[in-house]
Amino acid sequence: MRRVPHDGGGDRLMYSALLDAIRGLRWRARRASRIAVPGIHPSRVRGSSAEFTEYRAYRQGDDLRRIDWKLFARSNRAHVRISEERAVTPTYIVVDASASMGFPEGTTSKWYLLQQLAVALTAVAHASGDPAGIIVAGNPRVTIHPRTRRGLVTEVSRMLQHIDVSGSAPVAPALAVAARSASRVAIISDFLGDLDETLQAARQIIASGRDVYALHIVAAEEMEPPATISVVMDPEAEAVHRSLSTDTRKEYVRAFGAWRDGMAARWLASGAAYRQIITEKEPVSNVVRRIVRDEPIASLAG
Amino acid sequence: MTFLAPGFLLAAGAAACAVIALHFIVTRRPRSMPFPTARFVPDAPVAARERSLRLSDLLLLVLRVFTIMLVGVALARPVLTPAREKVVRVIVADVSGAVADIADVRDSARSLMRPGDELIALDTSARTVRSPDSLSNRAGSRSVASLSAAMLAALRAGQRVRAGADSIELVVVSPVVATERDRATTAIRQQWPGRARLVPVRAMPADSSDLRPVEAVFLDSARPGFAVPRNRIDTVGAVVADGNVVVGTFERRWRFNGDSLKGARVIARWVDGDPAAIERDSGATCSKSILIPLDSSGDMVLRPGVAKLRASLSAPCYRAPSSPDTALASIIAGGSGKLASTADFPAATDSASPISRWLIGLAIVLALAEMVLRRRASKEEQGQ
């Protein structure tokens, strides 16, 4: 078990610059929420709020209090007032804490980027008035259920700094847990584990009318392996030893690119918002801004 | 410096060459680096090789080579030889009862002795002594020396001094009386590969060889004459008297102090060399003081050797007739006419090398240092 080095402070002060940069951002929902709890996002529920939308002919069973009597007096027909409701979007951030996220050794830039993204997205959701929570798909699985209380961002950041990035825990079961209570699920992973199962679980969530964000973390060293590396080993399958020669390096770049393209296509086809994020290529605040505004990310391949 | 087993030097040299060759020939398989997307690398055989020559590697190589060479040198048993003399002497000083005045022997030995020479005292046995001053008060009146034993001791001494000289001269300071000859004397003398010099001293006059009645013999008394209690009572395994060796468990309660031995003759010794019985002239008679407990109870007294010992110790004081034997003298002084060459003496293969243990200790230290350095280098590799 390897514990990722972390700052001893371990609170949101560590992310103060990032949180300042994303202050004021709101994470708009891609679909109307089915939740009845009042919030800022469009809701599928039609109610009696002050925000008038349209009239509808009275039908048997409608509440008599919703009949517009002045219109009835003018038209001699009974109509009820329809108004659009606003609701919250409970959000779950599902993060992958398998050994592959601890790459590269020493800097662990993948895990560091994941921490920043998770904290920033939690902060944005929290600032939007949405209950936000996080599930760490690791061994053991750690969960903070969606809530809106103060101190949530600090709690999430502190929890992430004490996670052991090791093993090969699957993401799909954590996704199933998130699907029970969230209207929006953001998966932050390198998708090198149980990709098929994760995709299947995501499809089910999307089919039920909820949002799924697939945030694919890729290390810059994975895109272009350093020349000093000659023999590589899969940290989640130590039997896999491969030699990185000049020829195999080219083949690797091609195969890895093809895999990323194929995976992006599968995620997009499922209806999820797929983003590929490469370490140390773009400020995290920019990445977060594009995610919540549903804009394409500069590092998105293809 | 000479080596008693130089073959180990060659073996160590060969092993060191092999280590050096392996250090530069063997290539290491590089360490596998964790790489999450390793699955996308084509599954070709891992044949990558890495050859690196760092300072720590060179230090490791030097430590390994030094360790091997030190072990080889230690096993080769190096011996530091002093400055080589042209001639060294092996001096046999006869201090047995056949000598009229031991002072003559001591003076002769003192005049002959040079640094690097070996001095062998001969009475009932032959033993190496450090200086002529040690030749005093060693022989009992009835001690009969054997020149055969002296010659054997001289041959062993020749092996010891062979490294320090080109030739070895054998010098025998003795009256050379007939009682000192046995059937092996001539044959053993011929094994000395060179001539010998005989330095005659006065023999005990024949007319003084007589029987003197014994005044007192203490075998089982509470406290023998001239004896003092030992600080710690112990047991000893054998006693030697008059050529007889009696093996048994003897409890030692008493000992002779230095004053009691002055003017006395030792007639029996414990197996560790301490006097077990002495005799002393007192006018027309002589007195004996015996520390050997020959208890009449038990079956020890039934043993023939014990009975013989008891009879010998109880007998009147006796001086052996000692007339010079000219034939024996010519045998001793004979030989090839040349000094014995040191090359004729085989090297003593069982010699101890005091340097070896230090070399082994140093090799162990170097091996530990190599292990520490290797672990540190391994940790550094893992940290990269």
# chains A, B, ... in the order shown; residues from 1 in each chain; ligands from 1
>>> interface_residues(of="chain B", to="chain A", cutoff="6 Å", atoms="only C-alpha atoms", output="number ranges by chain")
B: 32-36, 38, 40-42, 46
>>> residues_around(residues="region 10-21 of chain B", least_positions_apart="5", cutoff="12 Å", atoms="only C-alpha atoms", output="PyMOL selection string")
chain B and resi 3+5+26-27+57-58+60-76
>>> write_last_selection(atoms="N, CA, C and O atoms", output="PDB file, in the first residue's frame")
ATOM      1  N   PHE B   3      55.015 -17.029   1.810  1.00  0.00           N
ATOM      2  CA  PHE B   3      53.687 -17.601   1.950  1.00  0.00           C
ATOM      3  C   PHE B   3      53.810 -19.106   2.135  1.00  0.00           C
ATOM      4  O   PHE B   3      54.519 -19.772   1.381  1.00  0.00           O
ATOM      5  N   ALA B   5      51.276 -21.220   1.933  1.00  0.00           N
ATOM      6  CA  ALA B   5      50.387 -21.897   0.973  1.00  0.00           C
ATOM      7  C   ALA B   5      50.124 -20.952  -0.194  1.00  0.00           C
ATOM      8  O   ALA B   5      49.047 -20.359  -0.293  1.00  0.00           O
ATOM      9  N   VAL B  26      28.665  -8.642 -17.477  1.00  0.00           N
ATOM     10  CA  VAL B  26      27.261  -8.915 -17.205  1.00  0.00           C
ATOM     11  C   VAL B  26      26.457  -7.619 -17.300  1.00  0.00           C
ATOM     12  O   VAL B  26      26.806  -6.608 -16.714  1.00  0.00           O
ATOM     13  N   THR B  27      25.443  -7.656 -18.057  1.00  0.00           N
ATOM     14  CA  THR B  27      24.556  -6.500 -18.142  1.00  0.00           C
ATOM     15  C   THR B  27      23.338  -6.785 -17.289  1.00  0.00           C
ATOM     16  O   THR B  27      22.910  -7.920 -17.148  1.00  0.00           O
ATOM     17  N   ASP B  57      29.446   1.842  -8.391  1.00  0.00           N
ATOM     18  CA  ASP B  57      29.772   0.558  -8.990  1.00  0.00           C
ATOM     19  C   ASP B  57      31.271   0.295  -8.909  1.00  0.00           C
ATOM     20  O   ASP B  57      31.712  -0.816  -8.600  1.00  0.00           O
ATOM     21  N   LEU B  58      32.055   1.307  -9.220  1.00  0.00           N
ATOM     22  CA  LEU B  58      33.504   1.129  -9.163  1.00  0.00           C
ATOM     23  C   LEU B  58      33.958   0.857  -7.736  1.00  0.00           C
ATOM     24  O   LEU B  58      34.820   0.007  -7.499  1.00  0.00           O
ATOM     25  N   LEU B  60      32.170  -0.548  -5.450  1.00  0.00           N
ATOM     26  CA  LEU B  60      31.767  -1.930  -5.162  1.00  0.00           C
ATOM     27  C   LEU B  60      32.783  -2.903  -5.736  1.00  0.00           C
ATOM     28  O   LEU B  60      33.171  -3.880  -5.085  1.00  0.00           O
ATOM     29  N   LEU B  61      33.198  -2.640  -6.967  1.00  0.00           N
ATOM     30  CA  LEU B  61      34.165  -3.537  -7.610  1.00  0.00           C
ATOM     31  C   LEU B  61      35.464  -3.576  -6.813  1.00  0.00           C
ATOM     32  O   LEU B  61      36.017  -4.661  -6.548  1.00  0.00           O
ATOM     33  N   VAL B  62      35.940  -2.408  -6.415  1.00  0.00           N
ATOM     34  CA  VAL B  62      37.201  -2.356  -5.662  1.00  0.00           C
ATOM     35  C   VAL B  62      37.051  -3.110  -4.345  1.00  0.00           C
ATOM     36  O   VAL B  62      37.925  -3.896  -3.947  1.00  0.00           O
ATOM     37  N   LEU B  63      35.908  -2.915  -3.676  1.00  0.00           N
ATOM     38  CA  LEU B  63      35.699  -3.607  -2.398  1.00  0.00           C
ATOM     39  C   LEU B  63      35.673  -5.112  -2.586  1.00  0.00           C
ATOM     40  O   LEU B  63      36.258  -5.864  -1.808  1.00  0.00           O
ATOM     41  N   ARG B  64      34.992  -5.554  -3.632  1.00  0.00           N
ATOM     42  CA  ARG B  64      34.900  -6.997  -3.867  1.00  0.00           C
ATOM     43  C   ARG B  64      36.270  -7.589  -4.164  1.00  0.00           C
ATOM     44  O   ARG B  64      36.643  -8.648  -3.626  1.00  0.00           O
ATOM     45  N   VAL B  65      37.021  -6.908  -5.017  1.00  0.00           N
ATOM     46  CA  VAL B  65      38.340  -7.435  -5.380  1.00  0.00           C
ATOM     47  C   VAL B  65      39.247  -7.458  -4.156  1.00  0.00           C
ATOM     48  O   VAL B  65      39.957  -8.451  -3.903  1.00  0.00           O
ATOM     49  N   PHE B  66      39.205  -6.390  -3.374  1.00  0.00           N
ATOM     50  CA  PHE B  66      40.051  -6.351  -2.179  1.00  0.00           C
ATOM     51  C   PHE B  66      39.652  -7.446  -1.195  1.00  0.00           C
ATOM     52  O   PHE B  66      40.505  -8.067  -0.570  1.00  0.00           O
ATOM     53  N   THR B  67      38.361  -7.661  -1.053  1.00  0.00           N
ATOM     54  CA  THR B  67      37.909  -8.703  -0.128  1.00  0.00           C
ATOM     55  C   THR B  67      38.433 -10.061  -0.556  1.00  0.00           C
ATOM     56  O   THR B  67      38.966 -10.833   0.257  1.00  0.00           O
ATOM     57  N   ILE B  68      38.299 -10.351  -1.828  1.00  0.00           N
ATOM     58  CA  ILE B  68      38.750 -11.658  -2.324  1.00  0.00           C
ATOM     59  C   ILE B  68      40.252 -11.803  -2.156  1.00  0.00           C
ATOM     60  O   ILE B  68      40.758 -12.835  -1.700  1.00  0.00           O
ATOM     61  N   MET B  69      40.987 -10.745  -2.501  1.00  0.00           N
ATOM     62  CA  MET B  69      42.437 -10.834  -2.409  1.00  0.00           C
ATOM     63  C   MET B  69      42.892 -10.962  -0.952  1.00  0.00           C
ATOM     64  O   MET B  69      43.839 -11.695  -0.649  1.00  0.00           O
ATOM     65  N   LEU B  70      42.211 -10.265  -0.063  1.00  0.00           N
ATOM     66  CA  LEU B  70      42.589 -10.380   1.351  1.00  0.00           C
ATOM     67  C   LEU B  70      42.353 -11.787   1.876  1.00  0.00           C
ATOM     68  O   LEU B  70      43.172 -12.333   2.607  1.00  0.00           O
ATOM     69  N   VAL B  71      41.210 -12.369   1.484  1.00  0.00           N
ATOM     70  CA  VAL B  71      40.947 -13.745   1.914  1.00  0.00           C
ATOM     71  C   VAL B  71      41.998 -14.682   1.336  1.00  0.00           C
ATOM     72  O   VAL B  71      42.508 -15.579   2.022  1.00  0.00           O
ATOM     73  N   GLY B  72      42.341 -14.471   0.066  1.00  0.00           N
ATOM     74  CA  GLY B  72      43.353 -15.321  -0.563  1.00  0.00           C
ATOM     75  C   GLY B  72      44.700 -15.197   0.120  1.00  0.00           C
ATOM     76  O   GLY B  72      45.372 -16.199   0.401  1.00  0.00           O
ATOM     77  N   VAL B  73      45.097 -13.959   0.423  1.00  0.00           N
ATOM     78  CA  VAL B  73      46.391 -13.754   1.093  1.00  0.00           C
ATOM     79  C   VAL B  73      46.362 -14.366   2.492  1.00  0.00           C
ATOM     80  O   VAL B  73      47.339 -14.973   2.941  1.00  0.00           O
ATOM     81  N   ALA B  74      45.218 -14.225   3.155  1.00  0.00           N
ATOM     82  CA  ALA B  74      45.127 -14.787   4.510  1.00  0.00           C
ATOM     83  C   ALA B  74      45.236 -16.304   4.475  1.00  0.00           C
ATOM     84  O   ALA B  74      45.922 -16.908   5.302  1.00  0.00           O
ATOM     85  N   LEU B  75      44.547 -16.917   3.486  1.00  0.00           N
ATOM     86  CA  LEU B  75      44.617 -18.377   3.389  1.00  0.00           C
ATOM     87  C   LEU B  75      46.003 -18.839   2.942  1.00  0.00           C
ATOM     88  O   LEU B  75      46.406 -19.969   3.232  1.00  0.00           O
ATOM     89  N   ALA B  76      46.730 -17.988   2.249  1.00  0.00           N
ATOM     90  CA  ALA B  76      48.087 -18.343   1.818  1.00  0.00           C
ATOM     91  C   ALA B  76      49.075 -18.291   2.979  1.00  0.00           C
ATOM     92  O   ALA B  76      50.226 -18.673   2.824  1.00  0.00           O
TER      93      ALA B  76
END
>>> closest_residue(among="A:Gln116, A:Arg275, A:Ser83, A:Arg56", to="Leu71 (chain A)", atoms="only C-alpha atoms")
A:Arg56
>>> residues_around(residues="Ala97 (chain A)", least_positions_apart="2", cutoff="10 Å", atoms="only C-alpha atoms", output="list in words")
Val94, Val95, Ala99, Ser100, Met101, Gly102, Trp111, Leu114, Ile135, Val136, Ala137, Gly138, Asn139, Pro140, Arg141, Leu160, Ile163, Asp164, Val165, Ser166, Gly167, Ser168, Ala169, Pro170, Val171, Ile188, Ser189 and Asp190 of chain A
>>> select_by_dssp(residues="region 100-280 of chain A", states="helix (DSSP H, G or I)", output="PyMOL selection string")
chain A and resi 100-102+109-127+152-160+172-179+195-207+220-223+246-270
>>> closest_residue(among="A:Asp96, A:Asp211, A:Thr89, A:Ala132", to="Asp194 (chain A)", atoms="only C-alpha atoms")
A:Asp96
>>> residues_around(residues="Glu280 (chain A)", least_positions_apart="5", cutoff="9 Å", atoms="only C-alpha atoms", output="PDB file with N, CA and C atoms, in the first residue's frame")
ATOM      1  N   SER A 109       1.085  12.942 -10.471  1.00  0.00           N
ATOM      2  CA  SER A 109       0.358  14.087 -11.042  1.00  0.00           C
ATOM      3  C   SER A 109      -1.074  13.722 -11.413  1.00  0.00           C
ATOM      4  N   LEU A 113      -4.131  15.868  -9.930  1.00  0.00           N
ATOM      5  CA  LEU A 113      -5.132  16.510 -10.786  1.00  0.00           C
ATOM      6  C   LEU A 113      -6.536  16.051 -10.395  1.00  0.00           C
ATOM      7  N   ALA A 219      -2.052  11.099 -17.971  1.00  0.00           N
ATOM      8  CA  ALA A 219      -0.777  11.741 -17.628  1.00  0.00           C
ATOM      9  C   ALA A 219      -0.028  12.091 -18.907  1.00  0.00           C
ATOM     10  N   ALA A 220       0.685  13.201 -18.845  1.00  0.00           N
ATOM     11  CA  ALA A 220       1.474  13.596 -20.017  1.00  0.00           C
ATOM     12  C   ALA A 220       2.513  12.535 -20.346  1.00  0.00           C
TER      13      ALA A 220
END
>>> select_by_dssp(residues="region 224-286 of chain A", states="strand (DSSP E or B)", output="NGL selection string")
:A and (231-234 or 237-243 or 273-278)
>>> residues_around(residues="region 100-111 of chain B", least_positions_apart="5", cutoff="10 Å", atoms="only C-alpha atoms", output="PyMOL selection string")
chain B and resi 91-95+119-121+131-139+171-175+199-205+322
>>> write_last_selection(atoms="N, CA and C atoms", output="short mmCIF file (atom, residue, chain, number, x, y, z; two decimals), in the first residue's frame")
data_model
loop_
_atom_site.label_atom_id
_atom_site.label_comp_id
_atom_site.auth_asym_id
_atom_site.auth_seq_id
_atom_site.Cartn_x
_atom_site.Cartn_y
_atom_site.Cartn_z
N ILE B 91 71.52 -25.06 19.30
CA ILE B 91 72.42 -25.45 20.40
C ILE B 91 71.67 -26.41 21.31
N VAL B 92 72.24 -27.58 21.49
CA VAL B 92 71.67 -28.56 22.42
C VAL B 92 72.52 -28.51 23.68
N ALA B 93 71.90 -28.10 24.78
CA ALA B 93 72.62 -27.98 26.05
C ALA B 93 72.20 -29.13 26.97
N ASP B 94 73.15 -29.96 27.29
CA ASP B 94 72.88 -31.13 28.13
C ASP B 94 72.90 -30.68 29.59
N VAL B 95 71.77 -30.77 30.23
CA VAL B 95 71.69 -30.37 31.65
C VAL B 95 71.23 -31.56 32.49
N LEU B 119 67.91 -22.67 21.28
CA LEU B 119 68.56 -23.34 22.40
C LEU B 119 67.64 -24.43 22.92
N ILE B 120 68.20 -25.65 22.99
CA ILE B 120 67.41 -26.79 23.45
C ILE B 120 68.06 -27.33 24.71
N ALA B 121 67.26 -27.37 25.78
CA ALA B 121 67.76 -27.94 27.03
C ALA B 121 67.43 -29.42 27.05
N SER B 131 66.68 -18.58 26.89
CA SER B 131 68.03 -18.04 27.11
C SER B 131 68.85 -19.03 27.93
N PRO B 132 70.13 -18.91 27.90
CA PRO B 132 70.99 -19.83 28.69
C PRO B 132 70.73 -19.72 30.18
N ASP B 133 70.23 -18.61 30.65
CA ASP B 133 69.95 -18.48 32.08
C ASP B 133 68.89 -19.46 32.54
N SER B 134 68.07 -19.92 31.63
CA SER B 134 67.02 -20.86 32.00
C SER B 134 67.56 -22.26 32.19
N LEU B 135 68.83 -22.45 32.03
CA LEU B 135 69.38 -23.80 32.11
C LEU B 135 69.69 -24.22 33.54
N SER B 136 69.49 -23.37 34.50
CA SER B 136 69.83 -23.70 35.88
C SER B 136 68.75 -24.57 36.51
N ASN B 137 69.20 -25.42 37.45
CA ASN B 137 68.30 -26.18 38.32
C ASN B 137 67.23 -26.95 37.55
N ARG B 138 67.62 -27.64 36.55
CA ARG B 138 66.62 -28.36 35.79
C ARG B 138 66.78 -29.87 35.93
N ALA B 139 67.95 -30.35 36.16
CA ALA B 139 68.14 -31.80 36.11
C ALA B 139 68.22 -32.41 37.51
N VAL B 171 75.14 -27.46 17.36
CA VAL B 171 76.15 -27.44 18.41
C VAL B 171 75.62 -28.23 19.59
N VAL B 172 76.39 -29.21 20.04
CA VAL B 172 75.97 -30.05 21.17
C VAL B 172 76.92 -29.79 22.32
N VAL B 173 76.35 -29.24 23.39
CA VAL B 173 77.14 -28.98 24.60
C VAL B 173 76.81 -30.09 25.58
N SER B 174 77.69 -31.07 25.67
CA SER B 174 77.35 -32.25 26.46
C SER B 174 78.63 -33.01 26.78
N PRO B 175 78.64 -33.73 27.91
CA PRO B 175 79.79 -34.62 28.17
C PRO B 175 79.75 -35.89 27.32
N VAL B 199 80.72 -29.52 21.84
CA VAL B 199 81.40 -28.73 22.86
C VAL B 199 81.37 -29.55 24.14
N PRO B 200 82.45 -30.21 24.46
CA PRO B 200 82.43 -31.10 25.63
C PRO B 200 82.47 -30.31 26.94
N VAL B 201 81.77 -30.85 27.88
CA VAL B 201 81.83 -30.31 29.25
C VAL B 201 82.16 -31.46 30.18
N ARG B 202 82.50 -31.11 31.40
CA ARG B 202 82.92 -32.16 32.34
C ARG B 202 81.74 -33.03 32.74
N ALA B 203 82.06 -34.35 32.74
CA ALA B 203 81.04 -35.30 33.16
C ALA B 203 81.13 -35.50 34.66
N MET B 204 80.07 -35.97 35.24
CA MET B 204 80.07 -36.27 36.67
C MET B 204 81.13 -37.35 36.92
N PRO B 205 82.02 -37.08 37.87
CA PRO B 205 83.09 -38.09 38.11
C PRO B 205 82.50 -39.44 38.49
N SER B 322 78.95 -42.04 34.98
CA SER B 322 78.95 -41.28 33.74
C SER B 322 80.38 -41.11 33.24
#
>>> closest_atom_pairs(of="region 163-266 of chain A", to="region 119-123 of chain A", cutoff="12 Å", atoms="only C-alpha atoms", output="tab-separated table")
residue	atom	partner	partner_atom	distance
A:Arg184	CA	A:Leu121	CA	11.5
A:Val185	CA	A:Leu121	CA	10.8
A:Ala186	CA	A:Leu121	CA	8.7
A:Ile187	CA	A:Leu121	CA	11.1
A:Ile188	CA	A:Leu121	CA	10.6
A:Tyr213	CA	A:Leu121	CA	11.1
A:Leu215	CA	A:Leu121	CA	11.3
>>> write_last_selection(atoms="N, CA and C atoms", output="PDB file, in the first residue's frame")
ATOM      1  N   ARG A 184     -26.840  13.941 -10.800  1.00  0.00           N
ATOM      2  CA  ARG A 184     -25.678  14.228 -11.634  1.00  0.00           C
ATOM      3  C   ARG A 184     -24.489  13.467 -11.052  1.00  0.00           C
ATOM      4  N   VAL A 185     -23.800  12.735 -11.915  1.00  0.00           N
ATOM      5  CA  VAL A 185     -22.654  11.941 -11.473  1.00  0.00           C
ATOM      6  C   VAL A 185     -21.466  12.317 -12.338  1.00  0.00           C
ATOM      7  N   ALA A 186     -20.373  12.677 -11.671  1.00  0.00           N
ATOM      8  CA  ALA A 186     -19.137  12.955 -12.409  1.00  0.00           C
ATOM      9  C   ALA A 186     -18.122  11.883 -12.049  1.00  0.00           C
ATOM     10  N   ILE A 187     -17.654  11.163 -13.063  1.00  0.00           N
ATOM     11  CA  ILE A 187     -16.674  10.094 -12.834  1.00  0.00           C
ATOM     12  C   ILE A 187     -15.308  10.646 -13.219  1.00  0.00           C
ATOM     13  N   ILE A 188     -14.382  10.621 -12.262  1.00  0.00           N
ATOM     14  CA  ILE A 188     -13.011  11.069 -12.549  1.00  0.00           C
ATOM     15  C   ILE A 188     -12.117   9.839 -12.468  1.00  0.00           C
ATOM     16  N   TYR A 213     -20.990  12.735 -16.211  1.00  0.00           N
ATOM     17  CA  TYR A 213     -19.769  13.356 -16.743  1.00  0.00           C
ATOM     18  C   TYR A 213     -18.643  12.342 -16.607  1.00  0.00           C
ATOM     19  N   LEU A 215     -14.845  12.128 -16.812  1.00  0.00           N
ATOM     20  CA  LEU A 215     -13.641  12.963 -16.866  1.00  0.00           C
ATOM     21  C   LEU A 215     -12.426  12.045 -16.880  1.00  0.00           C
TER      22      LEU A 215
END
